[in-house]
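Reproduced below: start-v2.csv, with CSV, C-alpha atoms.
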chain,number,residue,atom,x,y,z
A,1,MET,CA,-14.2,102.8,-86.8
A,2,ILE,CA,-14.4,102.2,-83.1
A,3,PRO,CA,-14.2,98.5,-82.2
A,4,SER,CA,-17.2,97.1,-80.3
A,5,ARG,CA,-17.0,94.8,-77.3
A,6,PRO,CA,-19.3,92.0,-76.3
A,7,LEU,CA,-21.6,93.1,-73.5
A,8,GLY,CA,-21.2,90.0,-71.3
A,9,SER,CA,-23.5,87.2,-72.4
A,10,SER,CA,-26.3,89.6,-73.4
A,11,GLY,CA,-25.8,89.1,-77.1
A,12,PHE,CA,-25.1,92.8,-77.5
A,13,SER,CA,-21.9,94.6,-78.3
A,14,THR,CA,-21.0,98.3,-77.7
A,15,PRO,CA,-18.1,100.7,-78.1
A,16,PRO,CA,-16.3,101.3,-74.8
A,17,LEU,CA,-18.5,104.2,-73.6
A,18,MET,CA,-22.1,104.3,-72.3
A,19,LEU,CA,-24.0,107.6,-72.1
A,20,GLY,CA,-25.6,108.3,-68.7
A,21,GLY,CA,-29.1,109.7,-68.9
A,22,ASN,CA,-29.3,110.8,-65.3
A,23,VAL,CA,-28.9,114.5,-66.2
A,24,PHE,CA,-31.7,114.5,-68.8
A,25,GLY,CA,-34.7,116.3,-67.4
A,26,TRP,CA,-32.7,117.5,-64.5
A,27,THR,CA,-29.7,119.7,-65.4
A,28,ALA,CA,-30.1,119.1,-69.2
A,29,ASP,CA,-33.3,120.4,-70.7
A,30,ARG,CA,-35.0,119.1,-73.9
A,31,ALA,CA,-32.7,120.9,-76.3
A,32,ALA,CA,-29.5,120.0,-74.5
A,33,THR,CA,-30.7,116.4,-74.1
A,34,PHE,CA,-31.3,116.1,-77.9
A,35,ALA,CA,-28.0,117.7,-78.7
A,36,VAL,CA,-26.0,115.4,-76.4
A,37,LEU,CA,-27.8,112.3,-77.7
A,38,ASP,CA,-27.3,113.3,-81.3
A,39,GLY,CA,-23.6,114.0,-80.6
A,40,PHE,CA,-23.1,110.7,-78.8
A,41,VAL,CA,-24.5,108.7,-81.7
A,42,ALA,CA,-22.6,110.8,-84.3
A,43,GLY,CA,-19.4,110.1,-82.3
A,44,GLY,CA,-19.9,106.4,-82.5
A,45,GLY,CA,-21.8,105.7,-79.3
A,46,THR,CA,-24.8,103.3,-79.2
A,47,LEU,CA,-25.5,102.4,-75.6
A,48,ILE,CA,-27.7,104.8,-73.5
A,49,ASP,CA,-28.4,104.4,-69.7
A,50,THR,CA,-31.4,105.7,-67.9
A,51,ALA,CA,-33.9,104.7,-65.1
A,52,ASP,CA,-37.5,105.2,-64.2
A,53,VAL,CA,-36.4,107.2,-61.1
A,54,TYR,CA,-34.5,109.8,-63.1
A,55,SER,CA,-35.0,112.5,-62.0
A,56,ALA,CA,-37.5,112.3,-59.2
A,57,TRP,CA,-35.2,114.2,-56.8
A,58,LYS,CA,-35.6,117.5,-58.7
A,59,PRO,CA,-38.4,119.6,-57.2
A,60,GLY,CA,-41.5,119.3,-59.4
A,61,ASN,CA,-40.4,116.0,-61.0
A,62,LYS,CA,-42.0,112.6,-60.2
A,63,GLY,CA,-39.6,110.3,-62.0
A,64,GLY,CA,-39.5,109.2,-65.7
A,65,GLU,CA,-38.4,112.6,-67.0
A,66,SER,CA,-35.2,111.2,-68.5
A,67,GLU,CA,-37.0,108.3,-70.2
A,68,THR,CA,-39.6,110.7,-71.6
A,69,LEU,CA,-37.0,112.9,-73.2
A,70,ILE,CA,-35.1,109.9,-74.6
A,71,GLY,CA,-38.4,108.6,-76.0
A,72,GLU,CA,-39.1,111.9,-77.7
A,73,TRP,CA,-35.6,111.8,-79.2
A,74,LEU,CA,-36.0,108.2,-80.3
A,75,LYS,CA,-38.9,109.3,-82.5
A,76,THR,CA,-36.4,111.2,-84.7
A,77,ARG,CA,-34.1,108.1,-85.2
A,78,SER,CA,-34.2,104.5,-86.2
A,79,ARG,CA,-34.8,102.4,-83.0
A,80,GLN,CA,-32.2,99.9,-84.2
A,81,ASP,CA,-29.4,102.5,-84.1
A,82,VAL,CA,-29.1,102.4,-80.3
A,83,LEU,CA,-29.4,100.2,-77.3
A,84,ILE,CA,-31.5,101.5,-74.4
A,85,ALA,CA,-31.0,100.4,-70.9
A,86,THR,CA,-33.4,101.4,-68.1
A,87,LYS,CA,-34.0,100.3,-64.5
A,88,VAL,CA,-36.6,99.4,-62.0
A,89,GLY,CA,-36.5,99.2,-58.2
A,90,MET,CA,-35.9,102.7,-56.8
A,91,LEU,CA,-39.2,104.3,-57.8
A,92,ASP,CA,-42.3,103.2,-55.9
A,93,GLY,CA,-45.7,103.1,-57.7
A,94,PRO,CA,-48.4,100.8,-59.0
A,95,GLY,CA,-47.7,97.2,-58.0
A,96,GLY,CA,-45.8,98.2,-54.8
A,97,THR,CA,-42.2,98.9,-54.1
A,98,GLY,CA,-38.7,97.7,-54.9
A,99,LEU,CA,-38.5,94.5,-57.0
A,100,HIS,CA,-41.9,93.0,-56.2
A,101,PRO,CA,-43.0,91.2,-59.3
A,102,ASP,CA,-46.2,93.3,-59.5
A,103,ARG,CA,-44.1,96.4,-59.4
A,104,ILE,CA,-41.7,95.2,-62.1
A,105,MET,CA,-44.7,94.4,-64.4
A,106,ALA,CA,-46.3,97.9,-63.8
A,107,ALA,CA,-43.0,99.7,-64.1
A,108,VAL,CA,-41.9,98.1,-67.4
A,109,GLU,CA,-45.2,99.2,-69.0
A,110,ALA,CA,-44.7,102.8,-67.8
A,111,SER,CA,-41.1,102.8,-69.0
A,112,LEU,CA,-42.0,101.4,-72.4
A,113,HIS,CA,-44.7,104.1,-72.8
A,114,ARG,CA,-42.3,106.9,-71.8
A,115,LEU,CA,-39.6,105.6,-74.1
A,116,GLY,CA,-42.1,105.1,-77.0
A,117,THR,CA,-40.7,101.7,-77.8
A,118,ASP,CA,-42.0,98.1,-77.9
A,119,TYR,CA,-38.9,96.7,-76.1
A,120,ILE,CA,-36.1,97.6,-73.7
A,121,ASP,CA,-32.7,96.2,-74.7
A,122,LEU,CA,-31.4,95.9,-71.2
A,123,TYR,CA,-33.6,96.1,-68.1
A,124,PHE,CA,-31.8,96.5,-64.8
A,125,ALA,CA,-32.7,95.7,-61.2
A,126,HIS,CA,-31.7,99.1,-60.0
A,127,GLN,CA,-30.8,97.8,-56.5
A,128,ASP,CA,-31.1,94.5,-54.7
A,129,ASP,CA,-34.3,93.9,-52.8
A,130,PRO,CA,-33.8,91.5,-49.9
A,131,ASN,CA,-37.5,91.5,-49.2
A,132,VAL,CA,-38.4,89.6,-52.4
A,133,PRO,CA,-37.2,86.1,-53.1
A,134,GLN,CA,-34.7,86.3,-55.9
A,135,ALA,CA,-36.5,83.5,-57.8
A,136,ASP,CA,-39.6,85.7,-57.8
A,137,VAL,CA,-37.7,88.7,-59.2
A,138,LEU,CA,-36.1,86.6,-61.9
A,139,GLY,CA,-39.4,85.0,-62.7
A,140,ALA,CA,-40.9,88.4,-63.4
A,141,PHE,CA,-37.9,89.3,-65.6
A,142,ASP,CA,-38.1,85.9,-67.4
A,143,THR,CA,-41.8,86.6,-68.2
A,144,LEU,CA,-40.8,90.0,-69.8
A,145,VAL,CA,-38.0,88.4,-71.8
A,146,SER,CA,-40.3,85.7,-73.0
A,147,ALA,CA,-42.9,88.3,-74.0
A,148,GLY,CA,-40.3,90.2,-76.0
A,149,LYS,CA,-40.7,93.4,-73.9
A,150,VAL,CA,-37.1,93.0,-72.6
A,151,ARG,CA,-34.2,91.6,-74.5
A,152,SER,CA,-31.7,91.0,-71.6
A,153,ILE,CA,-31.4,91.8,-67.9
A,154,GLY,CA,-28.8,93.4,-65.6
A,155,ALA,CA,-28.2,94.0,-62.0
A,156,SER,CA,-27.1,97.3,-60.4
A,157,ASN,CA,-25.7,97.8,-56.9
A,158,PHE,CA,-25.5,94.1,-56.1
A,159,ARG,CA,-23.0,92.7,-53.7
A,160,ALA,CA,-21.0,89.6,-54.8
A,161,ASP,CA,-22.9,87.2,-52.6
A,162,ARG,CA,-26.3,88.4,-53.8
A,163,LEU,CA,-25.3,88.4,-57.5
A,164,LYS,CA,-23.9,84.9,-57.1
A,165,SER,CA,-27.1,83.6,-55.4
A,166,ALA,CA,-29.2,85.3,-58.1
A,167,LEU,CA,-27.3,83.5,-60.8
A,168,ALA,CA,-27.8,80.2,-58.9
A,169,ALA,CA,-31.5,80.9,-58.7
A,170,SER,CA,-31.7,81.5,-62.4
A,171,ASP,CA,-29.9,78.2,-63.2
A,172,ALA,CA,-32.0,76.2,-60.7
A,173,GLY,CA,-35.2,77.6,-62.1
A,174,GLY,CA,-34.3,77.7,-65.7
A,175,LEU,CA,-34.8,81.5,-65.6
A,176,VAL,CA,-33.2,84.3,-67.5
A,177,ARG,CA,-29.8,85.3,-66.0
A,178,TYR,CA,-28.3,88.7,-65.2
A,179,THR,CA,-25.8,89.4,-68.1
A,180,VAL,CA,-24.6,92.9,-67.1
A,181,LEU,CA,-23.6,94.5,-63.8
A,182,GLU,CA,-23.7,98.3,-63.1
A,183,PRO,CA,-21.6,99.0,-60.0
A,184,HIS,CA,-20.0,102.1,-58.5
A,185,TYR,CA,-16.4,102.0,-59.7
A,186,ASN,CA,-13.8,104.4,-60.9
A,187,LEU,CA,-10.1,105.3,-60.4
A,188,VAL,CA,-10.6,106.6,-56.9
A,189,GLU,CA,-13.4,104.2,-55.8
A,190,ARG,CA,-12.0,100.8,-56.3
A,191,ASN,CA,-12.6,98.7,-53.2
A,192,GLY,CA,-16.3,98.1,-53.7
A,193,PHE,CA,-15.9,96.3,-57.0
A,194,GLU,CA,-12.3,95.0,-57.2
A,195,GLY,CA,-11.9,91.6,-55.7
A,196,GLU,CA,-14.7,89.0,-55.3
A,197,LEU,CA,-17.3,90.9,-57.3
A,198,GLN,CA,-15.0,91.6,-60.3
A,199,GLN,CA,-13.8,88.0,-60.2
A,200,LEU,CA,-17.4,86.7,-60.3
A,201,CYS,CA,-18.1,88.9,-63.3
A,202,VAL,CA,-15.1,87.6,-65.1
A,203,ALA,CA,-15.9,83.9,-64.3
A,204,GLU,CA,-19.6,84.3,-65.3
A,205,ASN,CA,-19.1,86.4,-68.4
A,206,ILE,CA,-21.0,89.4,-66.9
A,207,GLY,CA,-20.3,92.6,-68.7
A,208,VAL,CA,-19.7,95.5,-66.4
A,209,VAL,CA,-20.8,99.1,-67.0
A,210,PRO,CA,-19.7,101.2,-64.0
A,211,TYR,CA,-21.4,104.4,-63.0
A,212,TYR,CA,-19.8,107.5,-61.4
A,213,ALA,CA,-17.0,106.7,-63.8
A,214,LEU,CA,-15.6,110.2,-63.3
A,215,ALA,CA,-16.2,110.4,-59.5
A,216,SER,CA,-18.7,113.3,-59.6
A,217,GLY,CA,-16.4,115.2,-62.0
A,218,PHE,CA,-13.3,114.9,-59.9
A,219,LEU,CA,-11.6,112.8,-62.6
A,220,THR,CA,-12.1,115.4,-65.2
A,221,GLY,CA,-9.4,117.5,-63.5
A,222,LYS,CA,-11.8,120.4,-63.1
A,223,TYR,CA,-11.7,120.4,-59.3
A,224,ARG,CA,-8.2,121.0,-58.0
A,225,ASP,CA,-8.8,122.7,-54.7
A,226,ASP,CA,-11.5,123.7,-52.3
A,227,ALA,CA,-12.3,126.9,-54.2
A,228,ASP,CA,-13.0,124.8,-57.4
A,229,ALA,CA,-15.1,122.4,-55.4
A,230,THR,CA,-17.3,125.1,-53.8
A,231,ALA,CA,-17.9,126.9,-57.1
A,232,SER,CA,-20.7,124.5,-58.3
A,233,ALA,CA,-23.2,122.1,-56.8
A,234,ARG,CA,-21.5,119.1,-58.5
A,235,GLY,CA,-18.2,120.2,-57.0
A,236,GLU,CA,-19.4,119.2,-53.5
A,237,GLY,CA,-19.4,115.6,-54.6
A,238,ALA,CA,-15.8,115.9,-55.9
A,239,ALA,CA,-14.5,117.6,-52.8
A,240,ARG,CA,-14.2,114.3,-50.9
A,241,TYR,CA,-11.3,113.3,-53.1
A,242,LEU,CA,-9.3,116.5,-52.5
A,243,ASP,CA,-6.6,114.8,-50.4
A,244,VAL,CA,-3.1,113.5,-50.9
A,245,ARG,CA,-4.2,110.4,-52.7
A,246,GLY,CA,-6.6,112.4,-54.9
A,247,GLN,CA,-3.8,114.9,-55.9
A,248,ARG,CA,-1.5,111.9,-56.7
A,249,VAL,CA,-4.2,110.5,-59.0
A,250,LEU,CA,-4.6,113.9,-60.8
A,251,ASP,CA,-0.9,114.2,-61.2
A,252,ALA,CA,-0.7,110.8,-62.8
A,253,LEU,CA,-3.7,111.6,-65.0
A,254,ASP,CA,-2.1,114.9,-66.1
A,255,ALA,CA,1.1,113.1,-67.1
A,256,VAL,CA,-0.6,110.4,-69.1
A,257,ALA,CA,-3.0,112.9,-70.7
A,258,ALA,CA,0.0,114.9,-71.9
A,259,GLU,CA,1.5,111.8,-73.4
A,260,HIS,CA,-1.7,111.2,-75.4
A,261,ALA,CA,-2.5,114.9,-76.0
A,262,ALA,CA,-5.9,114.0,-74.6
A,263,PRO,CA,-8.3,115.3,-72.0
A,264,VAL,CA,-7.9,114.1,-68.4
A,265,ALA,CA,-11.4,112.7,-68.4
A,266,ALA,CA,-10.7,110.6,-71.4
A,267,ILE,CA,-7.7,109.1,-69.7
A,268,ALA,CA,-9.7,108.3,-66.6
A,269,LEU,CA,-12.4,106.6,-68.7
A,270,ALA,CA,-9.8,104.7,-70.8
A,271,TRP,CA,-8.2,103.3,-67.5
A,272,LEU,CA,-11.6,102.1,-66.5
A,273,ALA,CA,-12.3,100.5,-69.9
A,274,ALA,CA,-9.0,98.6,-69.6
A,275,GLN,CA,-9.9,96.8,-66.4
A,276,PRO,CA,-11.0,93.2,-66.3
A,277,ALA,CA,-14.7,92.6,-67.0
A,278,ILE,CA,-15.3,96.3,-67.8
A,279,VAL,CA,-17.1,96.8,-71.1
A,280,ALA,CA,-18.2,100.5,-71.2
A,281,PRO,CA,-17.9,103.1,-68.4
A,282,ILE,CA,-20.9,105.3,-68.0
A,283,ALA,CA,-20.4,109.0,-68.2
A,284,SER,CA,-22.9,111.9,-68.5
A,285,ALA,CA,-22.8,115.2,-70.4
A,286,ARG,CA,-25.0,118.0,-69.4
A,287,THR,CA,-24.1,120.0,-72.5
A,288,ILE,CA,-22.8,119.2,-76.0
A,289,GLU,CA,-19.6,121.0,-75.1
A,290,GLN,CA,-18.8,118.4,-72.4
A,291,LEU,CA,-19.2,115.5,-74.9
A,292,PRO,CA,-15.9,115.5,-76.9
A,293,ASP,CA,-13.8,114.8,-73.8
A,294,LEU,CA,-15.9,111.6,-73.1
A,295,LEU,CA,-16.0,110.5,-76.8
A,296,ALA,CA,-12.2,110.8,-76.9
A,297,SER,CA,-11.8,108.0,-74.5
A,298,MET,CA,-13.1,105.5,-77.1
A,299,HIS,CA,-10.0,106.1,-79.2
A,300,ILE,CA,-7.4,105.8,-76.5
A,301,VAL,CA,-5.4,102.6,-75.7
A,302,LEU,CA,-3.2,103.0,-72.6
A,303,THR,CA,0.1,101.3,-72.5
A,304,PRO,CA,0.9,98.8,-69.7
A,305,ALA,CA,3.3,101.3,-68.2
A,306,GLN,CA,0.6,104.0,-68.2
A,307,LEU,CA,-1.9,101.6,-66.6
A,308,THR,CA,0.6,100.7,-63.9
A,309,ARG,CA,1.3,104.3,-63.2
A,310,LEU,CA,-2.4,105.0,-62.7
A,311,ASP,CA,-2.9,101.9,-60.6
A,312,ALA,CA,0.0,102.9,-58.3
A,313,ALA,CA,-1.3,106.5,-57.9
A,314,SER,CA,-4.8,105.3,-57.0
A,315,ALA,CA,-3.7,102.4,-54.8
In structure tokens, what does this structure look like?
Amino acid sequence: MIPSRPLGSSGFSTPPLMLGGNVFGWTADRAATFAVLDGFVAGGGTLIDTADVYSAWKPGNKGGESETLIGEWLKTRSRQDVLIATKVGMLDGPGGTGLHPDRIMAAVEASLHRLGTDYIDLYFAHQDDPNVPQADVLGAFDTLVSAGKVRSIGASNFRADRLKSALAASDAGGLVRYTVLEPHYNLVERNGFEGELQQLCVAENIGVVPYYALASGFLTGKYRDDADATASARGEGAARYLDVRGQRVLDALDAVAAEHAAPVAAIALAWLAAQPAIVAPIASARTIEQLPDLLASMHIVLTPAQLTRLDAASA
């Protein structure tokens, strides 16, 4: 059995992997989405990440496609089997833009409808909104928690100073607090999270679920040279890491993967899961065939020497 970890002070716990839903309704159709979700739960996963804006960037989409597919899938399962996280703040619509309280109130109803559920386990502010007082944002979230429509709240893409001031606003107003943070963080993107932001999460018992955990696929080991990177659309995102440091990271991952007889992606996710404050890295699978490499990470415990080797390679 895979041990679960407390998800900050949310009251939830989860195995050390969160399934990203950004590909559902974009590069994964209904059948592929259902297969990946079924496989994730069968493999011991429970925590699923989505957002109202997924995947508005695809021609013909308007946002909400991922939530809709997850909602259709949820009809086939017990709602209590999984934890659903979704987000507000990047999709404009009724009530305005960003994190305006009226927008939050309208957006949550739309998300609940698409997901076909009475409550959202974890509702994220998808990005900071400097145009709305933090007390107003948190007041809206507090209303949703009090009404039972949201169980806990999280912040995504917040700087340390803004997360700190949000926590202070919650405490001053007796409002619900952010319990989870979703930042950009992985073995080759460390500066944005490590340091003040990570230390704040440790001190305040905020569980961290980093996105882009595999650096646009680079940390799967699939992209080794420019030819690999230009072979697919996703490879363009991985191409930025094809330098001396990136090759050093891949070499270290290859060595540790060989020691565990495990996929490179699983080692990259296991490194992330071993970092202070990290609870569950987020990784996406477009097909069921991609899922085993991700699930394998939940069974890997890296040794101190292996962690040090990966730290040094990515420094």
I'd like to know which of A:Thr220, A:Ser170, A:Gln290, A:Gln127 is closest to His184 in chain A, using all atoms listed in the file.
A:Gln127
Quick one: distance from CA of Ser284 in chain A to CA of Leu163 in chain A in Å, one decimal?
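Those two atoms sit 26.1 Å apart.
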Residues near Val256 in chain A, cut-off 12 Å, only C-alpha atoms, skip fewer than 6 positions along chain, as a PyMOL selection string
chain A and resi 249-250+262-268+270-271+300-310+313
A straight line from CA of Gly174 in chain A to CA of Leu200 in chain A spans 19.9 Å
Please measure the separation of CA of Asp136 in chain A and CA of Ala85 in chain A, giving the value in Å to one decimal.
21.5 Å
Taking N, CA and C atoms as the atom set, what does range 79-106 of chain A look like once completed, written as a PDB file, in the coordinates of the input?
ATOM      1  N   ARG A  79     -34.925 103.090 -84.306  1.00  0.00           N
ATOM      2  CA  ARG A  79     -34.800 102.400 -83.000  1.00  0.00           C
ATOM      3  C   ARG A  79     -33.601 101.480 -82.976  1.00  0.00           C
ATOM      4  N   GLN A  80     -33.284 100.897 -84.114  1.00  0.00           N
ATOM      5  CA  GLN A  80     -32.200  99.900 -84.200  1.00  0.00           C
ATOM      6  C   GLN A  80     -30.812 100.539 -84.076  1.00  0.00           C
ATOM      7  N   ASP A  81     -30.741 101.871 -84.129  1.00  0.00           N
ATOM      8  CA  ASP A  81     -29.400 102.500 -84.100  1.00  0.00           C
ATOM      9  C   ASP A  81     -28.806 102.500 -82.692  1.00  0.00           C
ATOM     10  N   VAL A  82     -29.641 102.303 -81.656  1.00  0.00           N
ATOM     11  CA  VAL A  82     -29.100 102.400 -80.300  1.00  0.00           C
ATOM     12  C   VAL A  82     -29.634 101.276 -79.417  1.00  0.00           C
ATOM     13  N   LEU A  83     -28.946 101.093 -78.295  1.00  0.00           N
ATOM     14  CA  LEU A  83     -29.400 100.200 -77.300  1.00  0.00           C
ATOM     15  C   LEU A  83     -29.797 100.993 -76.050  1.00  0.00           C
ATOM     16  N   ILE A  84     -30.998 100.724 -75.564  1.00  0.00           N
ATOM     17  CA  ILE A  84     -31.500 101.500 -74.400  1.00  0.00           C
ATOM     18  C   ILE A  84     -31.568 100.589 -73.205  1.00  0.00           C
ATOM     19  N   ALA A  85     -30.944 101.080 -72.151  1.00  0.00           N
ATOM     20  CA  ALA A  85     -31.000 100.400 -70.900  1.00  0.00           C
ATOM     21  C   ALA A  85     -31.740 101.280 -69.872  1.00  0.00           C
ATOM     22  N   THR A  86     -32.689 100.681 -69.153  1.00  0.00           N
ATOM     23  CA  THR A  86     -33.400 101.400 -68.100  1.00  0.00           C
ATOM     24  C   THR A  86     -33.506 100.484 -66.879  1.00  0.00           C
ATOM     25  N   LYS A  87     -34.064 101.014 -65.788  1.00  0.00           N
ATOM     26  CA  LYS A  87     -34.000 100.300 -64.500  1.00  0.00           C
ATOM     27  C   LYS A  87     -35.325 100.385 -63.759  1.00  0.00           C
ATOM     28  N   VAL A  88     -35.503  99.418 -62.864  1.00  0.00           N
ATOM     29  CA  VAL A  88     -36.600  99.400 -62.000  1.00  0.00           C
ATOM     30  C   VAL A  88     -36.142  99.032 -60.576  1.00  0.00           C
ATOM     31  N   GLY A  89     -36.831  99.564 -59.548  1.00  0.00           N
ATOM     32  CA  GLY A  89     -36.500  99.200 -58.200  1.00  0.00           C
ATOM     33  C   GLY A  89     -36.249 100.308 -57.225  1.00  0.00           C
ATOM     34  N   MET A  90     -36.134 101.546 -57.704  1.00  0.00           N
ATOM     35  CA  MET A  90     -35.900 102.700 -56.800  1.00  0.00           C
ATOM     36  C   MET A  90     -37.121 103.652 -56.811  1.00  0.00           C
ATOM     37  N   LEU A  91     -38.088 103.442 -57.708  1.00  0.00           N
ATOM     38  CA  LEU A  91     -39.200 104.300 -57.800  1.00  0.00           C
ATOM     39  C   LEU A  91     -40.488 103.514 -57.445  1.00  0.00           C
ATOM     40  N   ASP A  92     -41.123 103.859 -56.330  1.00  0.00           N
ATOM     41  CA  ASP A  92     -42.300 103.200 -55.900  1.00  0.00           C
ATOM     42  C   ASP A  92     -43.506 103.608 -56.808  1.00  0.00           C
ATOM     43  N   GLY A  93     -44.510 102.750 -56.908  1.00  0.00           N
ATOM     44  CA  GLY A  93     -45.700 103.100 -57.700  1.00  0.00           C
ATOM     45  C   GLY A  93     -46.632 101.947 -57.815  1.00  0.00           C
ATOM     46  N   PRO A  94     -47.460 101.900 -58.859  1.00  0.00           N
ATOM     47  CA  PRO A  94     -48.400 100.800 -59.000  1.00  0.00           C
ATOM     48  C   PRO A  94     -47.716  99.453 -58.884  1.00  0.00           C
ATOM     49  N   GLY A  95     -48.310  98.546 -58.141  1.00  0.00           N
ATOM     50  CA  GLY A  95     -47.700  97.200 -58.000  1.00  0.00           C
ATOM     51  C   GLY A  95     -46.856  97.127 -56.717  1.00  0.00           C
ATOM     52  N   GLY A  96     -46.577  98.274 -56.067  1.00  0.00           N
ATOM     53  CA  GLY A  96     -45.800  98.200 -54.800  1.00  0.00           C
ATOM     54  C   GLY A  96     -44.483  98.901 -54.878  1.00  0.00           C
ATOM     55  N   THR A  97     -43.505  98.284 -54.227  1.00  0.00           N
ATOM     56  CA  THR A  97     -42.200  98.900 -54.100  1.00  0.00           C
ATOM     57  C   THR A  97     -41.103  97.946 -54.510  1.00  0.00           C
ATOM     58  N   GLY A  98     -39.887  98.486 -54.632  1.00  0.00           N
ATOM     59  CA  GLY A  98     -38.700  97.700 -54.900  1.00  0.00           C
ATOM     60  C   GLY A  98     -38.857  96.776 -56.102  1.00  0.00           C
ATOM     61  N   LEU A  99     -38.488  95.504 -55.919  1.00  0.00           N
ATOM     62  CA  LEU A  99     -38.500  94.500 -57.000  1.00  0.00           C
ATOM     63  C   LEU A  99     -39.645  93.525 -56.846  1.00  0.00           C
ATOM     64  N   HIS A 100     -40.720  93.917 -56.200  1.00  0.00           N
ATOM     65  CA  HIS A 100     -41.900  93.000 -56.200  1.00  0.00           C
ATOM     66  C   HIS A 100     -42.330  92.750 -57.596  1.00  0.00           C
ATOM     67  N   PRO A 101     -42.648  91.508 -57.929  1.00  0.00           N
ATOM     68  CA  PRO A 101     -43.000  91.200 -59.300  1.00  0.00           C
ATOM     69  C   PRO A 101     -44.122  92.075 -59.880  1.00  0.00           C
ATOM     70  N   ASP A 102     -45.120  92.416 -59.061  1.00  0.00           N
ATOM     71  CA  ASP A 102     -46.200  93.300 -59.500  1.00  0.00           C
ATOM     72  C   ASP A 102     -45.651  94.682 -59.879  1.00  0.00           C
ATOM     73  N   ARG A 103     -44.688  95.125 -59.084  1.00  0.00           N
ATOM     74  CA  ARG A 103     -44.100  96.400 -59.400  1.00  0.00           C
ATOM     75  C   ARG A 103     -43.290  96.390 -60.654  1.00  0.00           C
ATOM     76  N   ILE A 104     -42.524  95.315 -60.862  1.00  0.00           N
ATOM     77  CA  ILE A 104     -41.700  95.200 -62.100  1.00  0.00           C
ATOM     78  C   ILE A 104     -42.684  95.211 -63.308  1.00  0.00           C
ATOM     79  N   MET A 105     -43.803  94.491 -63.240  1.00  0.00           N
ATOM     80  CA  MET A 105     -44.700  94.400 -64.400  1.00  0.00           C
ATOM     81  C   MET A 105     -45.365  95.780 -64.666  1.00  0.00           C
ATOM     82  N   ALA A 106     -45.704  96.521 -63.626  1.00  0.00           N
ATOM     83  CA  ALA A 106     -46.300  97.900 -63.800  1.00  0.00           C
ATOM     84  C   ALA A 106     -45.222  98.837 -64.326  1.00  0.00           C
TER      85      ALA A 106
END
